[in-house]
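Colleague: Provided below: final.tsv, containing TSV, C-alpha atoms.
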chain	number	residue	atom	x	y	z
J	1	ARG	CA	5.26	16.05	13.61
J	2	ALA	CA	8.48	14.02	13.64
J	3	LEU	CA	9.27	14.80	9.99
J	4	ALA	CA	8.48	18.52	9.95
J	5	PRO	CA	11.96	19.68	11.14
J	6	LEU	CA	13.59	17.98	8.15
J	7	GLY	CA	12.15	20.33	5.53
J	8	MET	CA	8.92	21.18	3.73
J	9	LEU	CA	6.30	18.56	4.54
J	10	THR	CA	3.34	17.83	2.25
J	11	SER	CA	0.66	15.67	3.85
J	12	CYS	CA	-1.87	13.97	1.58
J	13	ASP	CA	-4.85	11.79	2.43
J	14	PHE	CA	-8.20	10.67	1.07
J	15	ASN	CA	-10.40	13.14	2.94
J	16	THR	CA	-8.75	16.49	2.19
J	17	PRO	CA	-8.07	18.45	-1.03
J	18	GLY	CA	-4.77	17.84	-2.72
J	19	PRO	CA	-1.64	19.92	-2.09
J	20	ALA	CA	-0.95	23.26	-3.75
J	21	GLN	CA	0.92	21.53	-6.57
J	22	ALA	CA	-2.16	19.42	-7.47
J	23	PRO	CA	-5.32	20.58	-5.65
J	24	HIS	CA	-7.49	18.36	-7.86
J	25	LEU	CA	-5.71	15.20	-6.76
J	26	LYS	CA	-6.19	13.22	-3.53
J	27	ALA	CA	-4.29	10.31	-2.07
J	28	ASP	CA	-7.07	7.89	-3.06
J	29	PHE	CA	-5.32	4.53	-2.92
J	30	THR	CA	-8.21	2.85	-4.73
J	31	ASP	CA	-6.96	4.75	-7.81
J	32	PRO	CA	-3.28	3.88	-8.38
J	33	ALA	CA	-2.93	6.17	-11.40
J	34	GLN	CA	-4.22	9.19	-9.46
J	35	VAL	CA	-1.81	8.58	-6.59
J	36	ALA	CA	1.05	8.22	-9.08
J	37	ASP	CA	0.08	11.55	-10.67
J	38	LEU	CA	-0.08	13.14	-7.23
J	39	VAL	CA	3.45	12.03	-6.38
J	40	ARG	CA	4.73	13.30	-9.74
J	41	ALA	CA	3.08	16.67	-9.11
J	42	VAL	CA	4.60	17.05	-5.63
J	43	ARG	CA	8.04	15.70	-6.67
J	44	PRO	CA	9.17	14.83	-3.13
J	45	ASP	CA	12.65	13.83	-2.06
J	46	VAL	CA	11.21	11.35	0.46
J	47	ILE	CA	7.86	9.55	0.26
J	48	VAL	CA	6.37	8.09	3.45
J	49	ASN	CA	3.52	5.67	2.79
J	50	ALA	CA	1.41	4.78	5.81
J	51	ALA	CA	-1.76	4.03	3.81
J	52	ALA	CA	-3.09	0.47	3.80
J	53	HIS	CA	-6.09	-1.82	4.12
J	54	THR	CA	-5.52	-2.81	7.75
J	55	ALA	CA	-8.85	-4.47	8.65
J	56	VAL	CA	-7.42	-7.99	8.76
J	57	ASP	CA	-10.72	-9.88	9.02
J	58	LYS	CA	-12.54	-7.67	6.52
J	59	ALA	CA	-9.80	-8.15	3.96
J	60	GLU	CA	-10.83	-11.81	3.66
J	61	SER	CA	-14.16	-10.73	2.13
J	62	GLU	CA	-12.71	-7.99	-0.11
J	63	PRO	CA	-9.36	-9.34	-1.33
J	64	GLU	CA	-9.22	-7.23	-4.50
J	65	LEU	CA	-9.66	-3.98	-2.57
J	66	ALA	CA	-7.01	-5.12	-0.10
J	67	ARG	CA	-4.67	-5.93	-2.99
J	68	THR	CA	-5.21	-2.52	-4.59
J	69	LEU	CA	-4.53	-0.64	-1.34
J	70	ASN	CA	-1.70	-2.83	-0.07
J	71	ALA	CA	0.10	-3.89	-3.23
J	72	THR	CA	-0.95	-2.31	-6.53
J	73	THR	CA	-0.87	1.34	-5.46
J	74	PRO	CA	2.33	1.11	-3.39
J	75	ALA	CA	4.00	-0.51	-6.41
J	76	GLN	CA	2.90	2.43	-8.56
J	77	VAL	CA	4.24	4.87	-5.98
J	78	ALA	CA	7.52	2.97	-6.03
J	79	LYS	CA	7.77	3.30	-9.82
J	80	VAL	CA	7.33	7.07	-9.55
J	81	ALA	CA	9.90	7.13	-6.74
J	82	THR	CA	12.31	5.49	-9.17
J	83	GLU	CA	11.57	8.17	-11.78
J	84	LEU	CA	12.17	10.95	-9.27
J	85	GLY	CA	15.10	9.39	-7.45
J	86	ALA	CA	13.09	9.65	-4.22
J	87	LEU	CA	13.44	7.49	-1.12
J	88	LEU	CA	10.27	5.52	-0.35
J	89	VAL	CA	9.59	4.68	3.30
J	90	HIS	CA	6.82	2.07	3.42
J	91	TYR	CA	5.04	0.64	6.45
J	92	SER	CA	4.44	-3.10	6.30
J	93	THR	CA	3.54	-5.70	8.91
J	94	ASP	CA	4.64	-8.79	10.78
J	95	TYR	CA	1.67	-10.56	9.13
J	96	VAL	CA	4.01	-11.34	6.22
J	97	PHE	CA	5.19	-14.18	8.50
J	98	ASP	CA	3.17	-17.18	9.66
J	99	GLY	CA	3.31	-16.31	13.37
J	100	SER	CA	5.38	-19.33	14.37
J	101	GLY	CA	8.64	-19.32	16.30
J	102	HIS	CA	10.10	-16.93	18.86
J	103	ALA	CA	13.48	-15.93	17.43
J	104	PRO	CA	13.95	-12.47	15.86
J	105	ARG	CA	13.82	-12.42	12.06
J	106	ASP	CA	15.97	-10.38	9.72
J	107	GLU	CA	15.09	-9.02	6.28
J	108	ALA	CA	16.07	-12.26	4.55
J	109	ALA	CA	13.96	-14.53	6.77
J	110	PRO	CA	11.43	-16.69	4.89
J	111	THR	CA	7.91	-15.26	4.79
J	112	GLY	CA	4.66	-17.20	4.94
J	113	PRO	CA	1.53	-15.04	5.29
J	114	LEU	CA	-1.65	-16.85	6.29
J	115	SER	CA	-4.22	-14.16	5.49
J	116	VAL	CA	-5.29	-11.93	2.61
J	117	TYR	CA	-3.96	-8.97	4.58
J	118	GLY	CA	-0.55	-10.58	5.04
J	119	ARG	CA	-0.32	-11.79	1.45
J	120	THR	CA	-1.24	-8.43	-0.05
J	121	LYS	CA	1.17	-6.57	2.24
J	122	LEU	CA	3.92	-8.96	1.15
J	123	GLU	CA	2.98	-8.34	-2.49
J	124	GLY	CA	3.35	-4.63	-1.77
J	125	GLU	CA	6.85	-5.17	-0.39
J	126	GLN	CA	7.80	-7.24	-3.43
J	127	GLY	CA	6.43	-4.62	-5.83
J	128	ILE	CA	8.49	-1.92	-4.15
J	129	GLN	CA	11.64	-4.04	-4.25
J	130	ALA	CA	11.07	-4.91	-7.91
J	131	SER	CA	10.71	-1.24	-8.86
J	132	GLY	CA	14.37	-0.56	-8.15
J	133	CYS	CA	13.61	2.55	-6.11
J	134	ARG	CA	15.54	3.48	-2.99
J	135	HIS	CA	13.34	2.15	-0.24
J	136	LEU	CA	13.02	1.36	3.43
J	137	ILE	CA	10.33	-1.11	4.53
J	138	LEU	CA	9.32	-1.11	8.20
J	139	ARG	CA	7.49	-4.20	9.46
J	140	THR	CA	5.52	-3.01	12.48
J	141	SER	CA	3.29	-4.86	14.93
J	142	TRP	CA	0.22	-3.79	16.92
J	143	VAL	CA	0.53	-0.06	16.18
J	144	TYR	CA	-1.48	2.17	18.53
J	145	ALA	CA	-2.06	5.86	19.18
J	146	SER	CA	-4.09	8.16	21.42
J	147	ARG	CA	-7.02	8.27	19.00
J	148	GLY	CA	-8.83	6.02	16.58
J	149	GLY	CA	-9.48	2.31	16.72
J	150	ASN	CA	-6.36	0.36	17.54
J	151	PHE	CA	-5.02	-2.70	19.32
J	152	ALA	CA	-4.26	-0.98	22.62
J	153	ARG	CA	-7.82	0.30	23.03
J	154	THR	CA	-9.21	-3.10	22.09
J	155	MET	CA	-7.05	-4.82	24.69
J	156	LEU	CA	-8.03	-2.31	27.37
J	157	ARG	CA	-11.69	-2.88	26.59
J	158	LEU	CA	-11.31	-6.67	26.69
J	159	ALA	CA	-9.28	-6.54	29.89
J	160	GLU	CA	-11.91	-4.39	31.55
J	161	ALA	CA	-14.67	-6.70	30.40
J	162	SER	CA	-12.87	-9.84	31.60
J	163	ASN	CA	-11.32	-8.29	34.70
J	164	GLY	CA	-8.04	-9.77	33.53
J	165	ARG	CA	-4.72	-8.77	32.02
J	166	ILE	CA	-3.62	-9.19	28.43
J	167	THR	CA	-0.03	-8.62	27.30
J	168	ASP	CA	1.66	-8.49	23.92
J	169	VAL	CA	4.31	-6.58	21.99
J	170	ILE	CA	2.92	-3.30	20.65
J	171	THR	CA	4.36	-0.27	18.86
J	172	ALA	CA	3.40	3.33	19.61
J	173	ALA	CA	2.67	5.32	16.46
J	174	GLN	CA	4.76	8.26	17.73
J	175	GLU	CA	7.66	5.96	18.55
J	176	ALA	CA	7.46	4.54	15.04
J	177	ALA	CA	7.49	8.06	13.66
J	178	ASP	CA	10.46	9.03	15.84
J	179	GLY	CA	12.36	5.99	14.61
J	180	LYS	CA	11.48	6.86	11.03
J	181	TYR	CA	12.68	10.43	11.66
J	182	GLU	CA	16.10	9.24	12.77
J	183	ILE	CA	16.35	6.75	9.91
J	184	ILE	CA	15.53	9.31	7.23
J	185	ASP	CA	17.67	12.02	8.82
J	186	LYS	CA	20.80	9.87	8.92
J	187	GLU	CA	19.91	7.39	6.16
J	188	GLY	CA	21.85	4.81	8.08
J	189	TYR	CA	18.93	2.36	7.81
J	190	ARG	CA	19.04	1.52	11.48
J	191	VAL	CA	15.61	0.71	12.88
J	192	LEU	CA	14.99	1.86	16.45
J	193	LEU	CA	13.34	-1.00	18.27
J	194	THR	CA	12.56	0.67	21.61
J	195	ARG	CA	11.82	4.11	23.01
J	196	LYS	CA	14.92	3.81	25.20
J	197	GLU	CA	17.13	3.41	22.12
J	198	TYR	CA	15.61	6.58	20.67
J	199	ASP	CA	16.06	8.50	23.94
J	200	ASP	CA	19.66	7.30	24.21
J	201	TYR	CA	20.38	8.32	20.63
J	202	VAL	CA	18.99	11.82	21.13
J	203	ALA	CA	20.95	12.21	24.39
J	204	GLU	CA	24.15	11.29	22.55
J	205	HIS	CA	23.39	13.74	19.69
J	206	PRO	CA	22.37	17.07	21.29
J	207	ASP	CA	22.63	18.85	17.92
J	208	LEU	CA	19.92	16.64	16.38
J	209	PRO	CA	17.00	18.87	15.25
J	210	GLY	CA	13.37	18.12	15.99
J	211	PRO	CA	11.34	16.87	18.95
J	212	ARG	CA	13.14	15.91	22.12
J	213	PRO	CA	12.13	12.96	24.30
J	214	SER	CA	9.92	13.84	27.23
J	215	ALA	CA	11.21	13.28	30.75
Please render this file's structure as structure tokens.

Modeller:
Amino acid sequence: RALAPLGMLTSCDFNTPGPAQAPHLKADFTDPAQVADLVRAVRPDVIVNAAAHTAVDKAESEPELARTLNATTPAQVAKVATELGALLVHYSTDYVFDGSGHAPRDEAAPTGPLSVYGRTKLEGEQGIQASGCRHLILRTSWVYASRGGNFARTMLRLAEASNGRITDVITAAQEAADGKYEIIDKEGYRVLLTRKEYDDYVAEHPDLPGPRPSA
């Protein structure tokens, strides 16, 4: 929804037939070669990869699958992005760090993943960087939305069960998409950290196309 105003949008996933350019291909991230062929067939200007093995605990028992989804296939996509001159926007995670400390970290901060999930996501980042493609890596935390299993729903369920209150830093999926929209539109590589920053930016740029913040 946030990207649609920028041009023709081709959405690919595992459960639906491929796009018109390659109806026989799906975005099956267990098959890196197929995903690479799919990207070559579509020939996009911008690639947004939100696919990943995100079941943190389950990844411990299936590390090779996690590595394929989180590292091997994204690296293949990055190589094709290099061929096409496309910009790759890739969603990563704060699990590339060890969870210690309280100070904000920049892109050059030392990493130290403690789990298979974190290690394979970091490998994915490194594969993208090594490819030489134009890229933007977003490290998100506790992403949630109005549907599907996610952290916010889990916390609400636990809070209700314990009659208590649980707090943490979480990221709305739509807010992440809005931030990505502004980043890609301007290519200034400025990550929007809060909804207020996004609202303020839109208010200052009334000619900006696309969705407007709700009152």

Colleague: Nearest to Gln34 of chain J: which of J:Ser11, J:Gln76, J:Thr111, J:Ser131 is it, counting all atoms listed in the file?

Modeller: J:Gln76

Colleague: Could you name the residues that touch Asp57 of chain J at 9 Å or less, counting only C-alpha atoms, but leaving out those on the same chain fewer than 3 positions away, as a list in words?

Modeller: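 Close residues of Asp57 of chain J: Thr54, Glu60, Ser61, Ser115, Val116 and Tyr117 of chain J.
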
Colleague: Considering all atoms listed in the file, can you say which of J:Gly127, J:Gly118, J:Gly132, J:Gly85 comes closest to His53 of chain J?

Modeller: J:Gly118

Colleague: In terms of the shortest atom-to-atom distance over only C-alpha atoms, which of J:Cys133, J:Leu9, J:Leu88, J:Ile128 is closest to Val46 of chain J?

Modeller: J:Leu88

Colleague: In Å, with one decimal, what is the gap from atom CA of Thr73 of chain J to atom CA of Ala109 of chain J?

Modeller: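 So the answer is 24.9 Å.
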
Colleague: Go through J:Asp37, J:Arg119, J:Val42, J:Lys58 and flag the residue nearest Ser92 of chain J, using only C-alpha atoms for the distances.

Modeller: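 Residue with the minimum atom-to-atom distance to Ser92 of chain J: J:Arg119.
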